[in-house]
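Notes follow once the structure below has been shown.
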Amino acid sequence: MIRGELRKLRLATAGAGRVQCTLRVVEGDDERLLGLNEHLGAGFTLSFSGRISCLYCGTRTRKSYGGGYCYPCFKALTTQRSQRASALKQG
Ligand SMILES: [Zn+2]
């Protein structure tokens with residue numbers, strides 16, 4: 001059994017119109033990559049612990065925003081991005 005926090009599914013082209021799907025599981029400083037293509041047709045089980053943590057600050061949150069952030073981090077990061085975009089437009 002592998003335990004850890006799931007990260008965004010990684011997709012990559014694998015030639016001949018195929019896609020390689022890789023599940024990223026993080027526990028502490030360790031990241032494990034699980035190729036899902038090898039499990040096609042065989043099946044596997046995922047269990048949700050009920051815990052959602054912010055990707056930026058690590059705080060537990062009831063709901064994630066913008067792909068894995070708590071609301072304060074999502075809001076702060078969105079503000080930073082829009083300020084950077086405005087600065088780039090202004091030159
Ligand atoms: Zn956060």
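Naming works like this for the structure tokens: A, B, ... for the chains as they're shown, residue 1 at the start of each chain, ligands 1 onward in shown order.
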
Could you list the protein, DNA and RNA residues that have any atom within 7 Å of ligand 1, counting only C-alpha atoms and all ligand atoms, and write them as a PDB file with N, CA and C atoms, in the first residue's frame?
```pdb
ATOM      1  N   CYS A  54      -3.359  22.477   1.488  1.00  0.00           N
ATOM      2  CA  CYS A  54      -2.977  23.494   0.504  1.00  0.00           C
ATOM      3  C   CYS A  54      -1.599  23.168  -0.067  1.00  0.00           C
ATOM      4  N   LEU A  55      -1.460  23.240  -1.388  1.00  0.00           N
ATOM      5  CA  LEU A  55      -0.174  22.975  -2.039  1.00  0.00           C
ATOM      6  C   LEU A  55       0.878  24.015  -1.691  1.00  0.00           C
ATOM      7  N   TYR A  56       0.447  25.231  -1.342  1.00  0.00           N
ATOM      8  CA  TYR A  56       1.407  26.313  -1.095  1.00  0.00           C
ATOM      9  C   TYR A  56       1.825  26.374   0.370  1.00  0.00           C
ATOM     10  N   CYS A  57       0.839  26.414   1.302  1.00  0.00           N
ATOM     11  CA  CYS A  57       1.178  26.608   2.715  1.00  0.00           C
ATOM     12  C   CYS A  57       1.017  25.339   3.559  1.00  0.00           C
ATOM     13  N   GLY A  58       0.391  24.312   3.002  1.00  0.00           N
ATOM     14  CA  GLY A  58       0.244  23.056   3.727  1.00  0.00           C
ATOM     15  C   GLY A  58      -0.888  23.012   4.728  1.00  0.00           C
ATOM     16  N   THR A  59      -1.604  24.117   4.886  1.00  0.00           N
ATOM     17  CA  THR A  59      -2.722  24.168   5.826  1.00  0.00           C
ATOM     18  C   THR A  59      -3.832  23.219   5.392  1.00  0.00           C
ATOM     19  N   TYR A  69      -5.157  24.845  -3.778  1.00  0.00           N
ATOM     20  CA  TYR A  69      -4.766  25.843  -2.783  1.00  0.00           C
ATOM     21  C   TYR A  69      -5.907  26.134  -1.806  1.00  0.00           C
ATOM     22  N   CYS A  70      -5.545  26.571  -0.574  1.00  0.00           N
ATOM     23  CA  CYS A  70      -6.561  27.068   0.345  1.00  0.00           C
ATOM     24  C   CYS A  70      -7.022  28.417  -0.229  1.00  0.00           C
ATOM     25  N   TYR A  71      -8.139  28.912   0.254  1.00  0.00           N
ATOM     26  CA  TYR A  71      -8.670  30.134  -0.350  1.00  0.00           C
ATOM     27  C   TYR A  71      -7.735  31.338  -0.191  1.00  0.00           C
ATOM     28  N   PRO A  72      -7.150  31.573   1.020  1.00  0.00           N
ATOM     29  CA  PRO A  72      -6.230  32.730   1.138  1.00  0.00           C
ATOM     30  C   PRO A  72      -5.046  32.651   0.169  1.00  0.00           C
ATOM     31  N   CYS A  73      -4.447  31.472   0.005  1.00  0.00           N
ATOM     32  CA  CYS A  73      -3.315  31.343  -0.925  1.00  0.00           C
ATOM     33  C   CYS A  73      -3.778  31.507  -2.368  1.00  0.00           C
TER      34      CYS A  73
END
```

Quiz prompt | Shell around A:Arg3 at 9 Å using only C-alpha atoms, local window under 2 positions removed, as a PyMOL selection string | solution = chain A and resi 1+5+25-27

Quiz item: For A:Leu40, which residue among A:Leu88, A:Ala14, A:Cys21, A:Ile52 is the nearest when counting only C-alpha atoms?
Solution: A:Cys21

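DSSP on the backbone gives strand (DSSP E) for these parts of stretch 4-79 of chain A: Glu5, Leu6, Arg10, Leu11, Ala12, Thr13, Val19, Gln20, Cys21, Thr22, Leu23, Arg24, Val25, Val26, Glu27, Asp30, Glu31, Arg32, Leu33, Leu34 and Gly35 of chain A.
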
Could you write those residues out with N, CA and C atoms, as a PDB file, in the first residue's frame?
```
ATOM      1  N   GLU A   5      -0.117  12.205  -0.356  1.00  0.00           N
ATOM      2  CA  GLU A   5      -1.020  13.186  -0.950  1.00  0.00           C
ATOM      3  C   GLU A   5      -0.923  13.099  -2.460  1.00  0.00           C
ATOM      4  N   LEU A   6      -2.063  13.133  -3.107  1.00  0.00           N
ATOM      5  CA  LEU A   6      -2.077  13.088  -4.566  1.00  0.00           C
ATOM      6  C   LEU A   6      -1.783  14.467  -5.132  1.00  0.00           C
ATOM      7  N   ARG A  10      -0.235  13.551 -14.205  1.00  0.00           N
ATOM      8  CA  ARG A  10       0.691  13.985 -15.252  1.00  0.00           C
ATOM      9  C   ARG A  10       0.399  13.171 -16.520  1.00  0.00           C
ATOM     10  N   LEU A  11       0.213  13.874 -17.617  1.00  0.00           N
ATOM     11  CA  LEU A  11      -0.057  13.221 -18.894  1.00  0.00           C
ATOM     12  C   LEU A  11       1.058  13.570 -19.869  1.00  0.00           C
ATOM     13  N   ALA A  12       1.521  12.587 -20.608  1.00  0.00           N
ATOM     14  CA  ALA A  12       2.556  12.827 -21.608  1.00  0.00           C
ATOM     15  C   ALA A  12       2.265  11.955 -22.819  1.00  0.00           C
ATOM     16  N   THR A  13       2.598  12.484 -23.993  1.00  0.00           N
ATOM     17  CA  THR A  13       2.405  11.676 -25.192  1.00  0.00           C
ATOM     18  C   THR A  13       3.431  10.545 -25.178  1.00  0.00           C
ATOM     19  N   VAL A  19      -1.107   7.925 -24.722  1.00  0.00           N
ATOM     20  CA  VAL A  19      -0.802   8.858 -23.645  1.00  0.00           C
ATOM     21  C   VAL A  19      -0.352   8.063 -22.421  1.00  0.00           C
ATOM     22  N   GLN A  20       0.725   8.520 -21.783  1.00  0.00           N
ATOM     23  CA  GLN A  20       1.187   7.901 -20.538  1.00  0.00           C
ATOM     24  C   GLN A  20       0.615   8.715 -19.382  1.00  0.00           C
ATOM     25  N   CYS A  21      -0.142   8.070 -18.504  1.00  0.00           N
ATOM     26  CA  CYS A  21      -0.741   8.715 -17.340  1.00  0.00           C
ATOM     27  C   CYS A  21       0.069   8.334 -16.106  1.00  0.00           C
ATOM     28  N   THR A  22       0.515   9.336 -15.381  1.00  0.00           N
ATOM     29  CA  THR A  22       1.311   9.081 -14.187  1.00  0.00           C
ATOM     30  C   THR A  22       0.683   9.773 -12.989  1.00  0.00           C
ATOM     31  N   LEU A  23       0.450   9.001 -11.950  1.00  0.00           N
ATOM     32  CA  LEU A  23      -0.103   9.530 -10.713  1.00  0.00           C
ATOM     33  C   LEU A  23       1.061   9.900  -9.804  1.00  0.00           C
ATOM     34  N   ARG A  24       1.030  11.113  -9.262  1.00  0.00           N
ATOM     35  CA  ARG A  24       2.101  11.569  -8.373  1.00  0.00           C
ATOM     36  C   ARG A  24       1.589  11.511  -6.939  1.00  0.00           C
ATOM     37  N   VAL A  25       2.323  10.802  -6.102  1.00  0.00           N
ATOM     38  CA  VAL A  25       1.952  10.668  -4.689  1.00  0.00           C
ATOM     39  C   VAL A  25       3.112  11.195  -3.855  1.00  0.00           C
ATOM     40  N   VAL A  26       2.827  12.170  -2.999  1.00  0.00           N
ATOM     41  CA  VAL A  26       3.870  12.812  -2.198  1.00  0.00           C
ATOM     42  C   VAL A  26       3.639  12.512  -0.725  1.00  0.00           C
ATOM     43  N   GLU A  27       4.712  12.115  -0.049  1.00  0.00           N
ATOM     44  CA  GLU A  27       4.660  11.961   1.396  1.00  0.00           C
ATOM     45  C   GLU A  27       5.952  12.556   1.941  1.00  0.00           C
ATOM     46  N   ASP A  30       9.352  12.839  -0.129  1.00  0.00           N
ATOM     47  CA  ASP A  30       9.375  11.785  -1.152  1.00  0.00           C
ATOM     48  C   ASP A  30       8.210  11.922  -2.126  1.00  0.00           C
ATOM     49  N   GLU A  31       8.538  11.810  -3.389  1.00  0.00           N
ATOM     50  CA  GLU A  31       7.501  11.790  -4.424  1.00  0.00           C
ATOM     51  C   GLU A  31       7.610  10.466  -5.159  1.00  0.00           C
ATOM     52  N   ARG A  32       6.494   9.745  -5.228  1.00  0.00           N
ATOM     53  CA  ARG A  32       6.467   8.487  -5.973  1.00  0.00           C
ATOM     54  C   ARG A  32       5.640   8.689  -7.223  1.00  0.00           C
ATOM     55  N   LEU A  33       6.126   8.165  -8.310  1.00  0.00           N
ATOM     56  CA  LEU A  33       5.424   8.250  -9.586  1.00  0.00           C
ATOM     57  C   LEU A  33       4.872   6.876  -9.923  1.00  0.00           C
ATOM     58  N   LEU A  34       3.566   6.804 -10.114  1.00  0.00           N
ATOM     59  CA  LEU A  34       2.938   5.524 -10.427  1.00  0.00           C
ATOM     60  C   LEU A  34       2.380   5.574 -11.830  1.00  0.00           C
ATOM     61  N   GLY A  35       2.950   4.794 -12.710  1.00  0.00           N
ATOM     62  CA  GLY A  35       2.447   4.720 -14.077  1.00  0.00           C
ATOM     63  C   GLY A  35       1.109   3.995 -14.082  1.00  0.00           C
TER      64      GLY A  35
END
```

Quiz item: What gap, in Å, lies between atom CA of A:Thr45 and atom CA of A:Lys63?
Solution: 22.5 Å

Among chain A, which ones does DSSP assign to helix (DSSP H, G or I) (computed from the backbone)? Answer as a PDB file with C-alpha atoms, in the first residue's frame.
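Output contents, as saved in selection.pdb:
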```pdb
ATOM      1  CA  ASN A  37      -1.025   2.576 -18.029  1.00  0.00           C
ATOM      2  CA  GLU A  38       0.368  -0.620 -16.522  1.00  0.00           C
ATOM      3  CA  HIS A  39      -2.825  -0.977 -14.471  1.00  0.00           C
ATOM      4  CA  TYR A  71      -8.670  30.134  -0.350  1.00  0.00           C
ATOM      5  CA  PRO A  72      -6.230  32.730   1.138  1.00  0.00           C
ATOM      6  CA  CYS A  73      -3.315  31.343  -0.925  1.00  0.00           C
ATOM      7  CA  PHE A  74      -5.461  31.052  -4.056  1.00  0.00           C
ATOM      8  CA  LYS A  75      -6.537  34.679  -3.660  1.00  0.00           C
ATOM      9  CA  ALA A  76      -2.981  35.927  -2.949  1.00  0.00           C
ATOM     10  CA  LEU A  77      -1.458  33.970  -5.838  1.00  0.00           C
ATOM     11  CA  THR A  78      -4.181  35.133  -8.238  1.00  0.00           C
ATOM     12  CA  THR A  79      -3.581  38.751  -7.193  1.00  0.00           C
ATOM     13  CA  GLN A  80       0.194  38.356  -7.709  1.00  0.00           C
ATOM     14  CA  ARG A  81      -0.338  36.832 -11.152  1.00  0.00           C
ATOM     15  CA  SER A  82      -2.711  39.591 -12.277  1.00  0.00           C
ATOM     16  CA  GLN A  83      -0.305  42.278 -10.985  1.00  0.00           C
ATOM     17  CA  ARG A  84       2.564  40.639 -12.902  1.00  0.00           C
ATOM     18  CA  ALA A  85       0.420  40.432 -16.042  1.00  0.00           C
ATOM     19  CA  SER A  86      -0.492  44.128 -15.716  1.00  0.00           C
ATOM     20  CA  ALA A  87       3.168  45.073 -15.236  1.00  0.00           C
ATOM     21  CA  LEU A  88       4.138  43.103 -18.356  1.00  0.00           C
ATOM     22  CA  LYS A  89       1.418  44.814 -20.414  1.00  0.00           C
ATOM     23  CA  GLN A  90       2.599  48.245 -19.259  1.00  0.00           C
TER      24      GLN A  90
END
```
